[in-house]
Structure formats: structure tokens, C-alpha cells
>>> print(open('query21.csv').read())   # CSV, C-alpha atoms
chain,number,residue,atom,x,y,z
L,25,MET,CA,144.0,119.5,119.7
L,26,ARG,CA,145.1,116.1,120.9
L,27,ILE,CA,143.7,114.4,124.0
L,28,PHE,CA,145.3,111.3,125.7
L,29,PHE,CA,143.2,109.2,128.0
L,30,ILE,CA,145.6,106.9,129.8
L,31,ARG,CA,144.3,104.1,132.0
L,32,HIS,CA,146.1,103.3,135.2
L,33,GLY,CA,148.4,100.3,135.5
L,34,GLU,CA,147.2,96.9,136.8
L,35,PRO,CA,145.4,97.8,140.1
L,36,ASP,CA,145.3,96.6,143.6
L,37,TYR,CA,141.7,97.8,144.1
L,38,ALA,CA,141.6,96.9,147.8
L,39,ASN,CA,144.4,99.3,148.5
L,40,ASP,CA,143.8,101.7,145.6
L,41,CYS,CA,147.3,101.4,144.3
L,42,LEU,CA,149.2,99.5,141.6
L,43,THR,CA,150.3,95.9,141.8
L,44,GLU,CA,153.9,95.0,141.2
L,45,LYS,CA,152.9,94.2,137.6
L,46,GLY,CA,151.1,97.5,137.4
L,47,VAL,CA,154.3,99.4,138.4
L,48,ARG,CA,156.2,97.5,135.7
L,49,GLU,CA,153.6,98.4,133.1
L,50,THR,CA,153.7,102.0,134.1
L,51,GLU,CA,157.5,102.2,134.0
L,52,LEU,CA,157.3,100.9,130.4
L,53,LEU,CA,154.6,103.4,129.7
L,54,GLY,CA,156.8,106.2,131.0
L,55,GLU,CA,159.6,105.2,128.8
L,56,TYR,CA,157.3,105.3,125.8
L,57,LEU,CA,155.8,108.6,126.8
L,58,LYS,CA,159.1,110.4,127.0
L,59,ASN,CA,158.8,110.8,123.2
L,60,TYR,CA,155.6,112.9,123.5
L,61,ASP,CA,154.7,116.3,124.7
L,62,LEU,CA,151.8,115.5,127.2
L,63,GLY,CA,150.9,119.2,127.6
L,64,LYS,CA,148.4,119.8,130.4
L,65,VAL,CA,148.2,116.7,132.6
L,66,CYS,CA,145.1,116.0,134.7
L,67,VAL,CA,144.7,113.1,137.1
L,68,SER,CA,141.9,111.3,138.8
L,69,PRO,CA,141.7,111.7,142.6
L,70,LEU,CA,142.1,107.9,143.1
L,71,GLY,CA,145.4,106.5,144.2
L,72,ARG,CA,146.0,104.0,141.3
L,73,ALA,CA,145.6,106.8,138.7
L,74,ARG,CA,147.9,109.2,140.6
L,75,GLN,CA,150.6,106.6,141.1
L,76,THR,CA,150.5,105.9,137.4
L,77,ALA,CA,150.8,109.6,136.5
L,78,GLU,CA,153.6,110.1,139.0
L,79,ILE,CA,155.6,107.2,137.5
L,80,ALA,CA,154.8,107.9,133.8
L,81,ALA,CA,154.7,111.7,133.7
L,82,GLY,CA,155.8,113.2,137.0
L,83,GLN,CA,159.4,112.0,136.4
L,84,TYR,CA,159.6,114.3,133.4
L,85,GLY,CA,158.5,117.3,135.4
L,86,TYR,CA,154.9,117.6,134.4
L,87,GLU,CA,152.6,119.3,136.9
L,88,LEU,CA,149.8,116.9,137.9
L,89,THR,CA,146.5,118.6,138.3
L,90,THR,CA,143.8,116.6,140.1
L,91,ALA,CA,140.4,116.7,138.3
L,92,TRP,CA,137.4,115.5,140.3
L,93,TRP,CA,135.5,114.7,137.1
L,94,LEU,CA,138.1,112.0,136.2
L,95,GLU,CA,137.3,109.9,139.2
L,96,GLU,CA,136.1,106.4,138.4
L,97,ILE,CA,132.4,105.7,138.6
L,98,LEU,CA,131.9,103.3,141.5
L,99,LYS,CA,129.2,100.9,142.5
L,100,ILE,CA,126.1,103.2,142.0
L,101,VAL,CA,123.5,100.9,140.5
L,102,ASP,CA,120.9,99.6,143.0
L,103,MET,CA,120.0,96.3,141.3
L,104,THR,CA,117.0,95.8,143.7
L,105,MET,CA,115.1,98.6,142.0
L,106,PHE,CA,114.2,96.6,138.9
L,107,PRO,CA,113.7,92.8,138.7
L,108,GLU,CA,115.3,92.7,135.3
L,109,LEU,CA,118.7,93.7,136.7
L,110,GLU,CA,119.0,90.3,138.5
L,111,TYR,CA,119.9,88.8,135.1
L,112,ALA,CA,121.9,91.9,134.1
L,113,TYR,CA,124.3,91.5,137.0
L,114,ARG,CA,124.1,87.7,137.4
L,115,ASN,CA,127.8,87.0,137.1
L,116,SER,CA,128.8,90.1,138.8
L,117,ARG,CA,126.8,89.1,141.9
L,118,LEU,CA,128.5,85.7,141.9
L,119,GLU,CA,131.9,87.4,141.9
L,120,SER,CA,131.0,90.1,144.4
L,121,PRO,CA,127.7,89.7,146.2
L,122,GLY,CA,125.9,92.8,147.1
L,123,GLN,CA,123.2,95.3,146.2
L,124,TYR,CA,125.2,98.0,144.3
L,125,PHE,CA,127.1,97.5,141.1
L,126,ILE,CA,128.9,99.5,138.4
L,127,PRO,CA,127.0,100.4,135.3
L,128,TRP,CA,129.0,98.0,133.1
L,129,ASP,CA,130.1,94.4,133.7
L,130,ILE,CA,126.6,93.2,132.8
L,131,MET,CA,125.6,90.2,130.8
L,132,PRO,CA,125.7,90.6,127.0
L,133,GLY,CA,122.5,88.6,126.8
L,134,TYR,CA,120.7,91.3,128.8
L,135,LEU,CA,121.9,94.0,126.4
L,136,ASN,CA,120.6,91.8,123.5
L,137,GLN,CA,117.2,92.0,125.1
L,138,HIS,CA,117.3,95.8,125.6
L,139,HIS,CA,118.5,97.6,122.5
L,140,GLU,CA,117.8,100.9,124.0
L,141,TYR,CA,121.1,100.8,125.9
L,142,MET,CA,123.0,101.4,122.6
L,143,ASP,CA,120.9,104.4,121.6
L,144,PRO,CA,122.7,107.7,122.2
L,145,ILE,CA,119.5,109.2,123.8
L,146,ASP,CA,117.4,106.3,125.0
L,147,TRP,CA,120.0,104.9,127.3
L,148,ARG,CA,119.1,107.6,129.7
L,149,GLN,CA,115.7,105.9,130.3
L,150,THR,CA,117.0,102.4,130.9
L,151,ALA,CA,116.8,100.5,134.2
L,152,ILE,CA,120.5,100.8,134.9
L,153,ALA,CA,120.5,104.5,134.3
L,154,LYS,CA,117.6,105.1,136.6
L,155,ALA,CA,118.9,102.7,139.3
L,156,GLY,CA,122.2,104.5,139.4
L,157,ASN,CA,121.2,108.1,138.7
L,158,LEU,CA,123.5,107.7,135.8
L,159,ALA,CA,122.2,110.4,133.5
L,160,GLU,CA,122.8,113.1,136.2
L,161,ILE,CA,126.3,111.8,136.8
L,162,TYR,CA,127.0,111.7,133.0
L,163,ASP,CA,125.8,115.3,132.6
L,164,ARG,CA,127.9,116.6,135.6
L,165,ARG,CA,131.1,114.9,134.4
L,166,THR,CA,130.7,115.8,130.7
L,167,ALA,CA,129.9,119.4,131.6
L,168,ALA,CA,133.0,119.6,133.7
L,169,MET,CA,135.1,118.3,130.9
L,170,ASP,CA,133.4,120.7,128.4
L,171,ALA,CA,134.2,123.6,130.7
L,172,PHE,CA,137.9,122.5,130.7
L,173,LEU,CA,137.9,122.2,126.9
L,174,ALA,CA,136.4,125.7,126.7
L,175,GLU,CA,139.4,127.0,128.6
L,176,HIS,CA,141.5,125.6,125.7
L,177,GLY,CA,139.4,127.2,123.0
L,178,TYR,CA,136.8,124.5,122.2
L,179,VAL,CA,133.2,125.2,123.1
L,180,ARG,CA,130.4,122.6,122.9
L,181,ASN,CA,127.8,123.5,120.4
L,182,ASP,CA,125.0,120.8,120.2
L,183,TYR,CA,126.7,117.7,118.9
L,184,LEU,CA,129.9,119.4,117.8
L,185,TYR,CA,132.4,122.0,119.2
L,186,SER,CA,133.1,125.5,117.9
L,187,THR,CA,136.4,127.4,118.1
L,188,GLU,CA,137.5,130.9,117.2
L,189,GLN,CA,141.1,129.7,116.8
L,190,GLY,CA,142.0,126.0,116.7
L,191,ASN,CA,145.2,124.9,118.3
L,192,HIS,CA,147.6,122.0,118.6
L,193,ASP,CA,147.4,121.8,122.4
L,194,THR,CA,147.8,118.4,124.1
L,195,LEU,CA,145.7,117.4,127.1
L,196,THR,CA,146.5,114.2,129.0
L,197,PHE,CA,144.1,112.5,131.4
L,198,PHE,CA,145.3,109.7,133.7
L,199,CYS,CA,142.1,108.0,134.8
L,200,HIS,CA,140.1,104.8,134.5
L,201,PHE,CA,138.2,102.6,132.0
L,202,GLY,CA,134.7,103.5,133.1
L,203,ILE,CA,135.0,107.3,133.2
L,204,SER,CA,137.1,107.6,130.1
L,205,SER,CA,134.6,105.6,128.1
L,206,LEU,CA,131.8,107.9,129.4
L,207,LEU,CA,133.7,111.0,128.5
L,208,ILE,CA,134.7,109.8,125.1
L,209,SER,CA,131.1,108.8,124.4
L,210,HIS,CA,130.2,112.4,124.9
L,211,LEU,CA,133.0,113.6,122.6
L,212,ILE,CA,131.8,111.3,119.7
L,213,ASN,CA,128.1,111.4,120.5
L,214,VAL,CA,127.3,107.7,121.2
L,215,SER,CA,125.9,105.8,124.1
L,216,PRO,CA,128.4,105.1,126.9
L,217,PHE,CA,127.3,101.5,126.9
L,218,ALA,CA,128.6,101.2,123.3
L,219,LEU,CA,132.1,101.9,124.6
L,220,TRP,CA,131.8,100.0,127.8
L,221,HIS,CA,130.8,96.9,126.0
L,222,GLY,CA,132.4,97.4,122.6
L,223,PHE,CA,135.9,98.0,123.6
L,224,SER,CA,138.5,96.4,126.0
L,225,VAL,CA,141.0,99.0,127.3
L,226,ASN,CA,143.8,97.3,129.1
L,227,THR,CA,145.7,98.6,132.1
L,228,SER,CA,148.3,101.3,131.2
L,229,ALA,CA,146.7,101.6,127.7
L,230,ILE,CA,146.7,104.8,125.7
L,231,THR,CA,143.6,106.2,123.9
L,232,GLU,CA,144.2,109.2,121.6
L,233,ILE,CA,141.5,111.6,120.5
L,234,MET,CA,142.1,114.2,117.8
L,235,THR,CA,140.1,117.3,116.7
L,236,GLU,CA,139.1,117.6,113.1
L,237,GLU,CA,138.2,121.1,111.8
L,238,ARG,CA,137.1,120.5,108.2
L,239,GLU,CA,135.0,123.7,108.3
L,240,LYS,CA,136.4,126.8,109.8
L,241,GLY,CA,135.4,127.0,113.4
L,242,VAL,CA,133.4,123.7,113.4
L,243,VAL,CA,135.1,120.9,115.3
L,244,SER,CA,134.5,117.2,115.8
L,245,PHE,CA,136.5,114.8,117.9
L,246,ARG,CA,137.6,111.5,116.5
L,247,ILE,CA,139.3,108.4,118.0
L,248,ASN,CA,142.8,108.0,116.5
L,249,ARG,CA,143.7,104.9,118.6
L,250,MET,CA,142.0,103.2,121.5
L,251,GLY,CA,143.5,101.0,124.1
L,252,ASP,CA,147.1,101.0,122.7
L,253,ILE,CA,149.6,99.0,124.6
L,254,SER,CA,152.5,99.2,122.2
L,255,HIS,CA,154.7,100.1,125.1
L,256,LEU,CA,154.3,96.5,126.4
L,257,ALA,CA,155.2,94.9,123.0
L,258,ASN,CA,158.5,93.2,122.7
L,259,THR,CA,159.4,93.8,126.3
L,260,GLY,CA,158.3,90.4,127.8
L,261,GLU,CA,155.6,92.1,129.9
L,262,LYS,CA,152.4,90.4,129.1
L,263,PRO,CA,149.2,92.4,129.0
L,264,SER,CA,147.0,92.1,132.1
L,265,PHE,CA,143.8,90.1,131.9
L,266,ASN,CA,142.2,92.8,134.0
L,267,ALA,CA,140.1,94.3,131.2
L,268,ARG,CA,138.8,91.1,129.7
L,269,PHE,CA,136.4,88.2,130.2
L,270,CYS,CA,136.7,84.5,129.1
L,271,GLU,CA,137.4,84.1,125.4
L,272,VAL,CA,135.6,80.7,125.4
L,273,PHE,CA,133.0,79.7,128.0
L,274,GLU,CA,135.0,76.6,129.0
L,275,ASP,CA,138.1,78.8,129.7
L,276,ASN,CA,139.1,78.9,133.4
L,277,THR,CA,139.1,82.7,133.3
L,278,ARG,CA,136.7,85.4,134.4
L,279,HIS,CA,133.1,84.9,133.3
>>> encode(input="query21.csv", output="C-alpha cells")
Amino acid sequence: MRIFFIRHGEPDYANDCLTEKGVRETELLGEYLKNYDLGKVCVSPLGRARQTAEIAAGQYGYELTTAWWLEEILKIVDMTMFPELEYAYRNSRLESPGQYFIPWDIMPGYLNQHHEYMDPIDWRQTAIAKAGNLAEIYDRRTAAMDAFLAEHGYVRNDYLYSTEQGNHDTLTFFCHFGISSLLISHLINVSPFALWHGFSVNTSAITEIMTEEREKGVVSFRINRMGDISHLANTGEKPSFNARFCEVFEDNTRH
């Protein structure tokens, strides 16, 4: 089995749609994807993901099925619950003052002080997880994905999956950086914070996950490529800076 996680094009968050650049990215994505069989296509309920799917896949006649569990994780972390979170969200608060924040976009220095965030089990007991009810959200979303995978012949069995008859089905999920990282962390059994802070997945990027069945009926998932933007290469369309932070502190880019 092959799973594509495809992030939406550059977003206009205020209006939950794509920017003009996002539309151009997505048109190039669609041209690239015409060479693939996308199989079953599922889409986040949010407008920017659906617009991306309509441009990149809908034009080829794919039915777009809305999946609630692909919706992005929004501002759920109440930073007032734990004093330590003032440092964790220091720059995020400067950019967008408020009380609630998304689980990622936190200071790397904070993570360096709290190694438990990178543990595949202990992250559930962290301040951010407790302040955002994150473990419950994680379990609900991953359970929904697992139920969907079971419909296609792959059943979760502790840290792996089992199958009576493996297949070459393709599943394509048009969604967002935060939720795709969460779901992938479940597939490969790592902390979601490891993906949120270890990878930059640009707008319109493709992540490909493959099954490996090296023992009959015993299946693992493995990342074949992550954040691929080959469709933008040699087209003159520069990658968006949406997914990144400043390369050097003195740079006049997002901190």
C-alpha cells in the first residue's frame, strides 16, 4: 500500500483558501500528479485543503471524500495552565498575542530543556499535551485513520499492522502539516513533536508512505519521501517560506 499526504498550497489563513501563489503551486502539483494513480482521495474539511484537492485531483475525475480526522489541529494549547509555557510560546505570542496556541511553533530552547517531548510515550505527560488535551485528540484522530486503513486490509496490532492479504492500493490525503505529522508519527511509532520540529513540509509538498511486509502478514509503514516539491523545480515558482523560520538569527524573516 502507498499513502500520499499532500499539504495544501500556500494559504490565506484568514479566508481559509489559497493565495494566488498557492493556486499556482497547486496547478503545478496537479500537472505532476497526472502521472500517478491517486486511488482513494480523502480531504480535510478546511477550505484550503479542499481547494488544493479540487485543483490537483478533482480535474482528473477523482471523487473527493471529506474526512473529519484530516482537519488541522488549531489553537488548542492554553499557555496559562503552566508557567513554563510562557517561554515555549515566546515568539508565537509576539507574532499573534493570545491565550491559545497550536502544539508546535515553540522555541527549540524549550524543547532542549524538556527531552520528554521527543519520547514516543512520555510526550503524553508534557505540559503542552496536558494544556491542549493533545493525547485525547491524538488517539481519536489515529483511531479514525486506523479504522480507515482496516477497511483497506491493514489492521493495527500494537506497534505494527497485520494483513490477511497485502495490496497495492493507493490512498491520498489532502490536508495540513500539523495533522499529517501527527498521523505519520503514529504510523512509524515516534513522538509527533519529533516530526513537528524535525521536518519542514512546504506548501503543496508530497509525502509518500509505503508499507513493507517482510514477514507474511506483518506490516510496517516507512517514509519513502517527505515534503517533496519536485513539481516546483525548474518552473520558476519559488517555494513558499510558509513552512520555515529564519535560517540565521539576523535574517529579516520569521523568528
>>> residues_near_point(input="query21.csv", point="(119.0, 101.6, 135.9)", cutoff="8 Å", atoms="only C-alpha atoms", output="VMD selection string")
chain L and resid 101 to 103 105 to 106 109 149 to 158
>>> closest_residue(input="query21.csv", among="L:Glu51, L:Glu44, L:Glu175, L:Glu110", to="Ala80 in chain L", atoms="all atoms listed in the file")
L:Glu51
>>> atom_distance(input="query21.csv", atom1="CA of Asn136 in chain L", atom2="CA of Arg117 in chain L")
19.6 Å
>>> residues_around(input="query21.csv", residues="Met234 in chain L", least_positions_apart="6", cutoff="12 Å", atoms="only C-alpha atoms", output="list in words")
Met25, Arg26, Ile27, Phe28, Phe29, Gly190, Asn191, His192, Asp193, Thr194, Leu195, Ile208, Leu211, Ile212, Val243, Ser244, Phe245, Arg246, Ile247, Asn248, Arg249 and Met250 of chain L
>>> atom_distance(input="query21.csv", atom1="CA of Phe265 in chain L", atom2="CA of Tyr37 in chain L")
14.6 Å
>>> closest_atom_pairs(input="query21.csv", of="range 41-105 of chain L", to="range 255-258 of chain L", cutoff="6 Å", atoms="all atoms listed in the file", output="JSON lines")
{"residue": "L:Leu52", "atom": "CA", "partner": "L:His255", "partner_atom": "CA", "distance": 6.0}
{"residue": "L:Leu53", "atom": "CA", "partner": "L:His255", "partner_atom": "CA", "distance": 5.7}
{"residue": "L:Tyr56", "atom": "CA", "partner": "L:His255", "partner_atom": "CA", "distance": 5.9}
>>> closest_residue(input="query21.csv", among="L:Ala38, L:Leu219, L:Ala159, L:Ile230", to="Gly251 in chain L", atoms="only C-alpha atoms")
L:Ile230
>>> atom_distance(input="query21.csv", atom1="CA of Ser205 in chain L", atom2="CA of Trp220 in chain L")
6.3 Å
>>> closest_residue(input="query21.csv", among="L:Trp93, L:Tyr141, L:Ala267, L:Leu98", to="Ser215 in chain L", atoms="only C-alpha atoms")
L:Tyr141
>>> residues_around(input="query21.csv", residues="range 57-73 of chain L", least_positions_apart="6", cutoff="6 Å", atoms="all atoms listed in the file", output="ChimeraX atom specification")
/L:32,40-42,88-91,94-95,194-199
>>> write_last_selection(input="query21.csv", atoms="C-alpha atoms", output="mmCIF file, in the coordinates of the input")
data_model
loop_
_atom_site.group_PDB
_atom_site.id
_atom_site.type_symbol
_atom_site.label_atom_id
_atom_site.label_comp_id
_atom_site.auth_asym_id
_atom_site.auth_seq_id
_atom_site.Cartn_x
_atom_site.Cartn_y
_atom_site.Cartn_z
ATOM 1 C CA HIS L 32 146.100 103.300 135.200
ATOM 2 C CA ASP L 40 143.800 101.700 145.600
ATOM 3 C CA CYS L 41 147.300 101.400 144.300
ATOM 4 C CA LEU L 42 149.200 99.500 141.600
ATOM 5 C CA LEU L 88 149.800 116.900 137.900
ATOM 6 C CA THR L 89 146.500 118.600 138.300
ATOM 7 C CA THR L 90 143.800 116.600 140.100
ATOM 8 C CA ALA L 91 140.400 116.700 138.300
ATOM 9 C CA LEU L 94 138.100 112.000 136.200
ATOM 10 C CA GLU L 95 137.300 109.900 139.200
ATOM 11 C CA THR L 194 147.800 118.400 124.100
ATOM 12 C CA LEU L 195 145.700 117.400 127.100
ATOM 13 C CA THR L 196 146.500 114.200 129.000
ATOM 14 C CA PHE L 197 144.100 112.500 131.400
ATOM 15 C CA PHE L 198 145.300 109.700 133.700
ATOM 16 C CA CYS L 199 142.100 108.000 134.800
#
>>> closest_residue(input="query21.csv", among="L:Ala112, L:Leu118, L:Ile97, L:Leu206", to="Tyr134 in chain L", atoms="all atoms listed in the file")
L:Ala112
>>> closest_residue(input="query21.csv", among="L:Ser209, L:Ser120, L:Cys270, L:Arg31", to="Asp252 in chain L", atoms="all atoms listed in the file")
L:Arg31
>>> residues_around(input="query21.csv", residues="His221 in chain L", least_positions_apart="6", cutoff="9 Å", atoms="all atoms listed in the file", output="VMD selection string")
chain L and resid 128 to 130 132
>>> closest_residue(input="query21.csv", among="L:Gly33, L:Val214, L:Gln189, L:Ile253", to="Lys45 in chain L", atoms="all atoms listed in the file")
L:Gly33
>>> decode(input="query21.csv", residues="range 103-116 of chain L", atoms="N, CA and C atoms", output="PDB file, in the first residue's frame")
ATOM      1  N   MET L 103      -1.814  28.291  27.183  1.00  0.00           N
ATOM      2  CA  MET L 103      -0.478  28.509  27.731  1.00  0.00           C
ATOM      3  C   MET L 103      -0.519  29.024  29.168  1.00  0.00           C
ATOM      4  N   THR L 104      -1.674  29.465  29.656  1.00  0.00           N
ATOM      5  CA  THR L 104      -1.755  29.964  31.027  1.00  0.00           C
ATOM      6  C   THR L 104      -1.783  28.840  32.059  1.00  0.00           C
ATOM      7  N   MET L 105      -1.923  27.588  31.621  1.00  0.00           N
ATOM      8  CA  MET L 105      -2.024  26.478  32.563  1.00  0.00           C
ATOM      9  C   MET L 105      -0.697  26.136  33.234  1.00  0.00           C
ATOM     10  N   PHE L 106       0.417  26.425  32.537  1.00  0.00           N
ATOM     11  CA  PHE L 106       1.737  26.100  33.075  1.00  0.00           C
ATOM     12  C   PHE L 106       2.685  27.271  32.813  1.00  0.00           C
ATOM     13  N   PRO L 107       3.313  27.812  33.867  1.00  0.00           N
ATOM     14  CA  PRO L 107       4.225  28.948  33.684  1.00  0.00           C
ATOM     15  C   PRO L 107       5.334  28.698  32.666  1.00  0.00           C
ATOM     16  N   GLU L 108       5.792  27.450  32.556  1.00  0.00           N
ATOM     17  CA  GLU L 108       6.896  27.147  31.633  1.00  0.00           C
ATOM     18  C   GLU L 108       6.534  27.413  30.176  1.00  0.00           C
ATOM     19  N   LEU L 109       5.235  27.448  29.889  1.00  0.00           N
ATOM     20  CA  LEU L 109       4.818  27.639  28.508  1.00  0.00           C
ATOM     21  C   LEU L 109       4.976  29.079  28.034  1.00  0.00           C
ATOM     22  N   GLU L 110       5.201  29.998  28.974  1.00  0.00           N
ATOM     23  CA  GLU L 110       5.469  31.372  28.556  1.00  0.00           C
ATOM     24  C   GLU L 110       6.726  31.435  27.699  1.00  0.00           C
ATOM     25  N   TYR L 111       7.729  30.653  28.076  1.00  0.00           N
ATOM     26  CA  TYR L 111       8.951  30.599  27.264  1.00  0.00           C
ATOM     27  C   TYR L 111       8.710  29.782  25.997  1.00  0.00           C
ATOM     28  N   ALA L 112       7.991  28.680  26.118  1.00  0.00           N
ATOM     29  CA  ALA L 112       7.744  27.819  24.962  1.00  0.00           C
ATOM     30  C   ALA L 112       7.118  28.601  23.808  1.00  0.00           C
ATOM     31  N   TYR L 113       6.182  29.482  24.123  1.00  0.00           N
ATOM     32  CA  TYR L 113       5.457  30.220  23.090  1.00  0.00           C
ATOM     33  C   TYR L 113       5.864  31.698  23.019  1.00  0.00           C
ATOM     34  N   ARG L 114       7.062  31.984  23.441  1.00  0.00           N
ATOM     35  CA  ARG L 114       7.510  33.382  23.497  1.00  0.00           C
ATOM     36  C   ARG L 114       7.374  34.084  22.150  1.00  0.00           C
ATOM     37  N   ASN L 115       7.957  33.535  21.099  1.00  0.00           N
ATOM     38  CA  ASN L 115       7.903  34.188  19.798  1.00  0.00           C
ATOM     39  C   ASN L 115       6.529  34.098  19.162  1.00  0.00           C
ATOM     40  N   SER L 116       5.828  33.007  19.409  1.00  0.00           N
ATOM     41  CA  SER L 116       4.479  32.875  18.868  1.00  0.00           C
ATOM     42  C   SER L 116       3.558  33.941  19.445  1.00  0.00           C
TER      43      SER L 116
END
